[in-house]
file data10.cif (mmCIF, C-alpha atoms)
data_final
#
loop_
_atom_site.label_atom_id
_atom_site.label_comp_id
_atom_site.auth_asym_id
_atom_site.auth_seq_id
_atom_site.Cartn_x
_atom_site.Cartn_y
_atom_site.Cartn_z
CA GLU A 198 0.00 0.00 0.00
CA ALA A 199 1.41 3.36 -1.02
CA GLY A 200 1.88 5.87 1.78
CA VAL A 201 1.06 9.57 1.93
CA ALA A 202 2.89 11.37 -0.86
CA GLN A 203 4.08 14.96 -0.51
CA SER A 204 5.95 17.34 -2.77
CA PRO A 205 8.22 19.15 -2.95
CA ARG A 206 10.42 17.69 -0.23
CA TYR A 207 12.43 20.89 0.11
CA LYS A 208 11.74 24.50 -0.81
CA ILE A 209 13.76 27.66 -0.19
CA ILE A 210 12.11 31.03 -0.83
CA GLU A 211 12.56 34.63 0.20
CA LYS A 212 10.12 36.37 2.50
CA ARG A 213 7.04 37.78 0.84
CA GLN A 214 7.20 35.12 -1.91
CA SER A 215 4.56 32.44 -2.27
CA VAL A 216 4.83 28.66 -2.07
CA ALA A 217 2.51 25.69 -2.53
CA PHE A 218 2.72 22.17 -1.17
CA TRP A 219 0.90 19.15 -2.52
CA CYS A 220 -0.33 16.05 -0.72
CA ASN A 221 -1.86 12.81 -1.97
CA PRO A 222 -3.26 10.73 0.93
CA ILE A 223 -3.51 6.98 1.20
CA SER A 224 -6.17 5.68 -1.16
CA GLY A 225 -9.59 5.57 0.49
CA HIS A 226 -8.68 7.78 3.44
CA ALA A 227 -11.46 10.28 3.95
CA THR A 228 -9.71 12.53 6.44
CA LEU A 229 -6.70 14.65 5.54
CA TYR A 230 -4.65 16.91 7.81
CA TRP A 231 -1.96 19.53 7.38
CA TYR A 232 0.40 19.97 10.31
CA GLN A 233 3.19 22.51 10.79
CA GLN A 234 6.28 21.31 12.65
CA ILE A 235 8.77 23.98 13.61
CA LEU A 236 12.28 22.74 14.42
CA GLY A 237 12.41 21.27 17.92
CA GLN A 238 8.63 21.32 18.38
CA GLY A 239 5.80 18.87 17.94
CA PRO A 240 3.43 19.07 14.98
CA LYS A 241 0.66 21.65 15.19
CA LEU A 242 -2.59 21.11 13.32
CA LEU A 243 -3.28 23.73 10.67
CA ILE A 244 -6.34 22.30 8.97
CA GLN A 245 -8.39 19.10 8.85
CA PHE A 246 -10.55 18.00 5.91
CA GLN A 247 -13.29 15.39 5.90
CA ASN A 248 -13.63 14.45 2.23
CA ASN A 249 -13.60 17.91 0.61
CA GLY A 250 -15.08 19.80 3.57
CA VAL A 251 -13.16 21.65 6.28
CA VAL A 252 -13.63 20.22 9.77
CA ASP A 253 -11.16 22.38 11.71
CA ASP A 254 -9.09 25.34 10.53
CA SER A 255 -8.99 27.23 13.81
CA GLN A 256 -5.17 27.39 13.87
CA LEU A 257 -4.68 28.25 10.20
CA PRO A 258 -3.35 31.84 9.74
CA LYS A 259 -5.97 32.68 7.17
CA ASP A 260 -4.43 36.00 6.19
CA ARG A 261 -1.59 34.15 4.50
CA PHE A 262 -2.35 30.42 4.48
CA SER A 263 -4.95 28.68 2.37
CA ALA A 264 -5.71 25.03 1.69
CA GLU A 265 -8.06 23.14 -0.53
CA ARG A 266 -9.12 19.58 -1.24
CA LEU A 267 -11.40 20.07 -4.18
CA LYS A 268 -12.24 16.48 -5.17
CA GLY A 269 -11.86 14.93 -1.74
CA VAL A 270 -8.56 13.27 -2.65
CA ASP A 271 -5.35 15.28 -2.96
CA SER A 272 -4.81 18.63 -1.30
CA THR A 273 -2.77 21.79 -1.71
CA LEU A 274 -1.51 24.10 1.03
CA LYS A 275 -0.45 27.59 -0.04
CA ILE A 276 1.41 30.33 1.79
CA GLN A 277 1.28 33.85 0.39
CA PRO A 278 3.17 35.97 1.36
CA ALA A 279 5.66 33.92 3.37
CA LYS A 280 7.25 35.19 6.56
CA LEU A 281 10.49 34.13 8.23
CA GLU A 282 8.54 32.38 10.99
CA ASP A 283 6.88 30.10 8.41
CA SER A 284 10.14 28.15 8.15
CA ALA A 285 9.08 24.66 9.18
CA VAL A 286 8.24 21.19 7.94
CA TYR A 287 4.71 20.91 6.61
CA LEU A 288 3.38 17.43 7.27
CA CYS A 289 0.38 15.96 5.56
CA ALA A 290 -1.42 13.08 7.23
CA SER A 291 -4.49 10.99 6.49
CA SER A 292 -6.73 8.64 8.41
CA LEU A 293 -9.24 6.06 7.28
CA ARG A 294 -12.34 6.73 9.28
CA ALA A 295 -14.61 9.71 9.66
CA TRP A 296 -13.52 12.13 12.34
CA SER A 297 -16.40 11.41 14.68
CA VAL A 298 -16.00 7.65 14.57
CA SER A 299 -12.34 6.76 14.73
CA ASN A 300 -10.72 6.76 18.14
CA THR A 301 -7.53 4.91 17.44
CA GLY A 302 -5.55 8.05 16.79
CA GLU A 303 -3.67 6.47 13.94
CA LEU A 304 -2.71 9.14 11.51
CA PHE A 305 -0.46 8.16 8.62
CA PHE A 306 2.06 10.89 7.92
CA GLY A 307 3.97 11.74 4.80
CA GLU A 308 7.67 12.60 4.95
CA GLY A 309 6.92 16.30 4.93
CA SER A 310 7.85 19.36 2.91
CA ARG A 311 10.66 21.38 4.46
CA LEU A 312 10.31 25.13 3.91
CA THR A 313 13.09 27.64 4.50
CA VAL A 314 12.16 31.31 4.27
CA LEU A 315 15.14 33.67 3.90
CA GLN B 241 1.38 27.28 29.38
CA LYS B 242 1.38 24.52 26.79
CA GLU B 243 -1.35 21.92 26.98
CA VAL B 244 1.21 19.11 26.68
CA GLU B 245 4.72 19.31 28.12
CA GLN B 246 7.58 17.01 27.16
CA ASP B 247 11.28 17.21 28.02
CA PRO B 248 13.17 17.85 24.74
CA GLY B 249 16.25 15.83 25.76
CA PRO B 250 18.43 14.61 24.23
CA LEU B 251 18.32 11.45 26.27
CA SER B 252 21.43 9.35 25.69
CA VAL B 253 21.53 5.73 26.86
CA PRO B 254 23.76 2.70 26.19
CA GLU B 255 22.40 -0.15 24.11
CA GLY B 256 20.33 -2.54 26.20
CA ALA B 257 19.26 0.06 28.75
CA ILE B 258 15.67 0.99 29.57
CA VAL B 259 14.50 4.25 28.07
CA SER B 260 11.95 6.18 30.13
CA LEU B 261 9.95 8.97 28.51
CA ASN B 262 7.08 11.02 29.88
CA CYS B 263 4.61 13.80 29.21
CA THR B 264 2.41 15.90 31.43
CA TYR B 265 -0.78 17.58 30.34
CA SER B 266 -3.14 20.17 31.73
CA ASN B 267 -6.44 19.48 29.94
CA SER B 268 -8.55 16.81 31.65
CA ALA B 269 -10.65 16.50 28.46
CA PHE B 270 -7.91 14.39 26.86
CA GLN B 271 -9.08 10.78 26.86
CA TYR B 272 -6.85 9.03 24.32
CA PHE B 273 -3.08 8.93 24.50
CA MET B 274 -0.56 8.00 21.87
CA TRP B 275 3.15 7.78 21.34
CA TYR B 276 4.60 8.48 17.92
CA ARG B 277 8.17 7.83 16.80
CA GLN B 278 9.81 10.19 14.32
CA TYR B 279 13.09 9.41 12.62
CA SER B 280 15.16 12.27 11.24
CA ARG B 281 13.61 13.79 8.11
CA LYS B 282 10.65 11.41 8.25
CA GLY B 283 7.02 11.77 9.31
CA PRO B 284 5.84 10.48 12.71
CA GLU B 285 4.58 6.89 12.95
CA LEU B 286 2.26 5.50 15.61
CA LEU B 287 3.92 3.32 18.25
CA MET B 288 1.38 2.93 21.03
CA TYR B 289 -2.21 3.91 21.69
CA THR B 290 -3.92 3.80 25.07
CA TYR B 291 -7.24 4.76 26.56
CA SER B 292 -7.89 5.19 30.28
CA SER B 293 -5.41 4.85 33.10
CA GLY B 294 -3.22 1.79 33.33
CA ASN B 295 -0.51 -0.04 31.43
CA LYS B 296 -0.31 -1.37 27.90
CA GLU B 297 2.51 -3.54 26.65
CA ASP B 298 3.59 -4.27 23.08
CA GLY B 299 6.86 -6.13 22.69
CA ARG B 300 9.65 -3.99 24.13
CA PHE B 301 7.33 -1.02 24.60
CA THR B 302 5.14 -0.26 27.62
CA ALA B 303 2.84 2.75 27.82
CA GLN B 304 1.43 4.00 31.12
CA VAL B 305 -1.34 6.50 31.72
CA ASP B 306 -2.17 8.14 35.04
CA LYS B 307 -5.14 10.39 34.46
CA SER B 308 -5.35 11.47 38.09
CA SER B 309 -1.87 12.97 37.80
CA LYS B 310 -2.24 13.97 34.13
CA TYR B 311 0.96 12.06 33.38
CA ILE B 312 1.83 9.51 30.71
CA SER B 313 4.97 7.44 30.20
CA LEU B 314 6.62 5.26 27.60
CA PHE B 315 9.25 2.68 28.48
CA ILE B 316 11.51 0.98 25.96
CA ARG B 317 13.21 -2.17 27.22
CA ASP B 318 16.42 -3.60 25.77
CA SER B 319 16.97 -0.44 23.74
CA GLN B 320 18.64 -0.75 20.35
CA PRO B 321 20.51 1.81 18.22
CA SER B 322 17.56 1.61 15.82
CA ASP B 323 15.41 3.12 18.60
CA SER B 324 17.32 6.39 18.20
CA ALA B 325 14.64 8.87 17.17
CA THR B 326 12.39 11.60 18.51
CA TYR B 327 9.42 10.34 20.51
CA LEU B 328 6.28 12.46 20.49
CA CYS B 329 3.39 12.04 22.86
CA ALA B 330 -0.01 12.98 21.49
CA MET B 331 -3.44 13.29 23.04
CA LYS B 332 -7.02 13.50 21.85
CA ARG B 333 -10.39 14.44 23.28
CA ALA B 334 -13.22 11.92 23.16
CA ALA B 335 -14.73 13.38 20.00
CA GLY B 336 -12.92 14.17 16.78
CA ASN B 337 -9.53 13.24 15.40
CA LYS B 338 -7.54 16.34 16.37
CA LEU B 339 -4.28 15.40 18.06
CA THR B 340 -2.34 17.70 20.37
CA PHE B 341 1.33 16.83 20.36
CA GLY B 342 4.08 17.34 22.88
CA GLY B 343 7.33 18.88 21.68
CA GLY B 344 9.11 15.53 21.45
CA THR B 345 12.06 13.95 23.24
CA ARG B 346 15.14 13.08 21.23
CA VAL B 347 16.59 9.69 22.19
CA LEU B 348 20.07 8.44 21.31
CA VAL B 349 20.93 4.78 21.93
CA LYS B 350 24.68 4.26 21.72
CA PRO B 351 26.11 0.86 20.67
#
call {"tool": "encode", "arguments": {"input": "data10.cif", "output": "structure tokens"}}
result
Amino acid sequence: EAGVAQSPRYKIIEKRQSVAFWCNPISGHATLYWYQQILGQGPKLLIQFQNNGVVDDSQLPKDRFSAERLKGVDSTLKIQPAKLEDSAVYLCASSLRAWSVSNTGELFFGEGSRLTVL
Amino acid sequence: QKEVEQDPGPLSVPEGAIVSLNCTYSNSAFQYFMWYRQYSRKGPELLMYTYSSGNKEDGRFTAQVDKSSKYISLFIRDSQPSDSATYLCAMKRAAGNKLTFGGGTRVLVKP
């Protein structure tokens, strides 16, 4: 079974530029998450999708971050304009069951997209 | 104050030793507790999942939860160099799939 695919793996941009990250979850997984992991910290949830609807985006900085999952499969996370503090690894994860049903906590993570903002 | 606190380490142990990791939390709404392992430049992967206070064992790994003290632990017996990684605790409320992670503890097992 193929895992969660993310691209690009690495991206270096200057502040005020824009960047986009792509994620393809495990086939059949209805729930998709974007997490931000700053160096030395644990992942922080940015946004959670159930199929193509947003379940939780309370910690997404909406003035500069946007995300979509138009067909309920793959997803794109965009940052525009980027700030120095956006330097982090952006992790995409997926889980099989609907958010209100699953209690196992098993999220399957991709390898992440590492962003450096200069 | 962070909802979940975890000592960042690094924790360095000789091969074969017992590794002891822990997290404290402040929100009594957390009902489900997990430990994830993250190798360098990789995504986290689930190691252990527990619900309610008590112990759970899986091979060399034992997870403990003490809800009264808001304290969880992970023990790794007979540690191997391949156990060298960052260990993240994570917690979840009864409803939903949102996980709140600790900052992670970096573990180094020396041959």
call {"tool": "residues_near_point", "arguments": {"input": "data10.cif", "point": "(2.3, 17.8, -0.3)", "cutoff": "8 Å", "atoms": "all atoms listed in the file", "output": "list in words"}}
result
Ala202, Gln203, Ser204, Pro205, Phe218, Trp219, Cys220, Asn221, Ser272, Thr273, Leu274, Tyr287, Leu288, Cys289, Gly309 and Ser310 of chain A
call {"tool": "closest_residue", "arguments": {"input": "data10.cif", "among": "A:Arg261, A:Lys241, A:Lys208, A:Lys275", "to": "chain B", "atoms": "only C-alpha atoms"}}
result
A:Lys241
call {"tool": "resolve_selection", "arguments": {"input": "data10.cif", "expression": "the PyMOL selection byres ((chain A) within 10 of (chain B))", "output": "compact mmCIF listing (two decimals) with C-alpha atoms, in the coordinates of the input"}}
result
# COMPACT_ATOMS: atom_id res chain seq x y z
CA VAL A 201 1.06 9.57 1.93
CA ARG A 206 10.42 17.69 -0.23
CA THR A 228 -9.71 12.53 6.44
CA TYR A 230 -4.65 16.91 7.81
CA GLN A 234 6.28 21.31 12.65
CA ILE A 235 8.77 23.98 13.61
CA LEU A 236 12.28 22.74 14.42
CA GLY A 237 12.41 21.27 17.92
CA GLN A 238 8.63 21.32 18.38
CA GLY A 239 5.80 18.87 17.94
CA PRO A 240 3.43 19.07 14.98
CA LYS A 241 0.66 21.65 15.19
CA LEU A 242 -2.59 21.11 13.32
CA ILE A 244 -6.34 22.30 8.97
CA GLN A 245 -8.39 19.10 8.85
CA VAL A 252 -13.63 20.22 9.77
CA ASP A 253 -11.16 22.38 11.71
CA VAL A 286 8.24 21.19 7.94
CA TYR A 287 4.71 20.91 6.61
CA LEU A 288 3.38 17.43 7.27
CA CYS A 289 0.38 15.96 5.56
CA ALA A 290 -1.42 13.08 7.23
CA SER A 292 -6.73 8.64 8.41
CA ARG A 294 -12.34 6.73 9.28
CA ALA A 295 -14.61 9.71 9.66
CA TRP A 296 -13.52 12.13 12.34
CA SER A 297 -16.40 11.41 14.68
CA VAL A 298 -16.00 7.65 14.57
CA SER A 299 -12.34 6.76 14.73
CA ASN A 300 -10.72 6.76 18.14
CA THR A 301 -7.53 4.91 17.44
CA GLY A 302 -5.55 8.05 16.79
CA GLU A 303 -3.67 6.47 13.94
CA LEU A 304 -2.71 9.14 11.51
CA PHE A 305 -0.46 8.16 8.62
CA PHE A 306 2.06 10.89 7.92
CA GLY A 307 3.97 11.74 4.80
CA GLU A 308 7.67 12.60 4.95
CA GLY A 309 6.92 16.30 4.93
CA SER A 310 7.85 19.36 2.91
CA ARG A 311 10.66 21.38 4.46
call {"tool": "closest_residue", "arguments": {"input": "data10.cif", "among": "B:Ser313, B:Ser293, B:Asn267, B:Ser322", "to": "Asp247 (chain B)", "atoms": "all atoms listed in the file"}}
result
B:Ser313
call {"tool": "atom_distance", "arguments": {"input": "data10.cif", "atom1": "CA of Lys280 (chain A)", "atom2": "CA of Leu257 (chain A)"}}
result
14.3 Å
call {"tool": "closest_residue", "arguments": {"input": "data10.cif", "among": "B:Ser268, B:Lys242, B:Ala257, B:Val347", "to": "Asp306 (chain B)", "atoms": "all atoms listed in the file"}}
result
B:Ser268
